[in-house]
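Asks: Supplied in structure tokens, the structure appears directly below.
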Amino acid sequence: MARTIGSHGPTTLEAIRKAGVRLIFERGYEAMSLRQLAAEVGIQAGSLYNHISTKQDLLFDLVREHINDLLRELDLALEGKADPVEKLRAFVAFHVSYHMTRKREVFIANSELRSLEAKNYDAVVALRGAYEHRLAQILTDGVSEGVFEVVDIQVATFAIIALLTGLCTWYRPGGRLTRDAIIAAHEKLVLSGVTPQAALGRVGSPRTAVAGL
């Protein structure tokens, strides 16, 4: 039986959000009912409306917060870095680390995008675009400085994000590779993919920098 925690205050709202993430992840947005959500939190169904307006508002809030967290934490990870290679390494390390620990939120933000109403969908797509733009700008700067070779910035941006996010489908804590080894492997894949061919194989290049993996 779910523990009754009361129906007022930020503690209850946080419990609703956590329960919402778990239920949407396990059952899907359409299959989850507000009655189930209330039971999970330990309050009456009607008390939910002291904290959320609708199920749609809850989904939108969860997805929006996830992407806002991504943007905020990415900017911190990139802070003080000027070199495009250093920035790209930082982007990869951040993205991989974040997605190792927030798999449920990532899954919901991707799989339930279709469940958002039009205005909420547009707002989320704009936020996703801001995150993608951070990476696109890193690649653009690297091309301008001659350290990256990219045929199409937008294609490369989408491909890199898809590659890095893909670990959510297979990563399990306590597996064969350490967190740092997984990050290094992804850094090698990404940097090798954008490094000019003439530079590959040089001392200090992506190929040799993580060759111990």
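We label chains A, B, ... in the order they appear in the structure tokens, count residues from 1 in each chain, and number ligands from 1 in the order shown.
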I'd like the contact shell of region 138-142 of chain A - 12 Å cut-off, only C-alpha atoms, skipping same-chain residues fewer than 5 positions apart - returned as a ChimeraX atom specification.
Replies: /A:78,81-92,131-133,147-158,160,190-191,193-196
Asks: Those selected residues, please, written with C-alpha atoms and delivered as a PDB file, in the first residue's frame.
Replies:
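Wrote it out as part_12.pdb, contents follow:
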```
ATOM      1  CA  LEU A  78      31.199  23.960 -21.069  1.00  0.00           C
ATOM      2  CA  LYS A  81      36.305  26.065 -22.304  1.00  0.00           C
ATOM      3  CA  ALA A  82      37.263  27.825 -25.532  1.00  0.00           C
ATOM      4  CA  ASP A  83      38.925  25.164 -27.690  1.00  0.00           C
ATOM      5  CA  PRO A  84      36.408  23.281 -29.899  1.00  0.00           C
ATOM      6  CA  VAL A  85      38.040  19.912 -29.217  1.00  0.00           C
ATOM      7  CA  GLU A  86      37.917  20.517 -25.472  1.00  0.00           C
ATOM      8  CA  LYS A  87      34.299  21.640 -25.778  1.00  0.00           C
ATOM      9  CA  LEU A  88      33.334  18.574 -27.794  1.00  0.00           C
ATOM     10  CA  ARG A  89      34.971  16.286 -25.233  1.00  0.00           C
ATOM     11  CA  ALA A  90      33.084  18.105 -22.475  1.00  0.00           C
ATOM     12  CA  PHE A  91      29.812  17.791 -24.385  1.00  0.00           C
ATOM     13  CA  VAL A  92      30.298  14.046 -24.860  1.00  0.00           C
ATOM     14  CA  TYR A 131      20.374  21.958 -26.838  1.00  0.00           C
ATOM     15  CA  GLU A 132      21.172  20.792 -30.363  1.00  0.00           C
ATOM     16  CA  HIS A 133      22.370  24.292 -31.209  1.00  0.00           C
ATOM     17  CA  VAL A 147      40.253  21.116 -36.348  1.00  0.00           C
ATOM     18  CA  PHE A 148      37.017  19.423 -37.464  1.00  0.00           C
ATOM     19  CA  GLU A 149      35.950  18.159 -40.865  1.00  0.00           C
ATOM     20  CA  VAL A 150      32.159  17.944 -41.122  1.00  0.00           C
ATOM     21  CA  VAL A 151      30.198  17.520 -44.340  1.00  0.00           C
ATOM     22  CA  ASP A 152      26.918  18.780 -42.875  1.00  0.00           C
ATOM     23  CA  ILE A 153      26.648  20.369 -39.412  1.00  0.00           C
ATOM     24  CA  GLN A 154      22.983  19.515 -38.868  1.00  0.00           C
ATOM     25  CA  VAL A 155      23.402  15.895 -39.914  1.00  0.00           C
ATOM     26  CA  ALA A 156      26.486  15.550 -37.715  1.00  0.00           C
ATOM     27  CA  THR A 157      24.656  17.134 -34.771  1.00  0.00           C
ATOM     28  CA  PHE A 158      21.715  14.730 -35.008  1.00  0.00           C
ATOM     29  CA  ILE A 160      26.201  12.509 -32.546  1.00  0.00           C
ATOM     30  CA  VAL A 190      32.729  11.142 -31.812  1.00  0.00           C
ATOM     31  CA  LEU A 191      36.130  12.794 -32.189  1.00  0.00           C
ATOM     32  CA  GLY A 193      34.197  10.989 -36.765  1.00  0.00           C
ATOM     33  CA  VAL A 194      34.862  14.730 -37.055  1.00  0.00           C
ATOM     34  CA  THR A 195      38.669  14.852 -37.102  1.00  0.00           C
ATOM     35  CA  PRO A 196      40.230  15.550 -40.522  1.00  0.00           C
TER      36      PRO A 196
END
```
Asks: Mind checking which residues fall within 8 Å of Ile67 (chain A), counting only C-alpha atoms, ignoring those fewer than 5 positions away in the same chain, and posting them as number ranges by chain?
Replies: A: 124, 127-128, 131
Asks: Output C-alpha atoms of each residue in that selection to a file, as a short mmCIF file (atom, residue, chain, number, x, y, z; two decimals), in the first residue's frame.
Replies:
```cif
data_model
loop_
_atom_site.label_atom_id
_atom_site.label_comp_id
_atom_site.auth_asym_id
_atom_site.auth_seq_id
_atom_site.Cartn_x
_atom_site.Cartn_y
_atom_site.Cartn_z
CA VAL A 124 9.63 21.25 -26.08
CA LEU A 127 14.09 23.64 -26.04
CA ARG A 128 15.51 20.57 -27.79
CA TYR A 131 20.37 21.96 -26.84
#
```
Asks: If we count only C-alpha atoms, what is near Pro173 (chain A) at a cut-off of 9 Å, once residues fewer than 4 positions away on the same chain are taken out, given as a PyMOL selection string?
Replies: chain A and resi 100+178-179
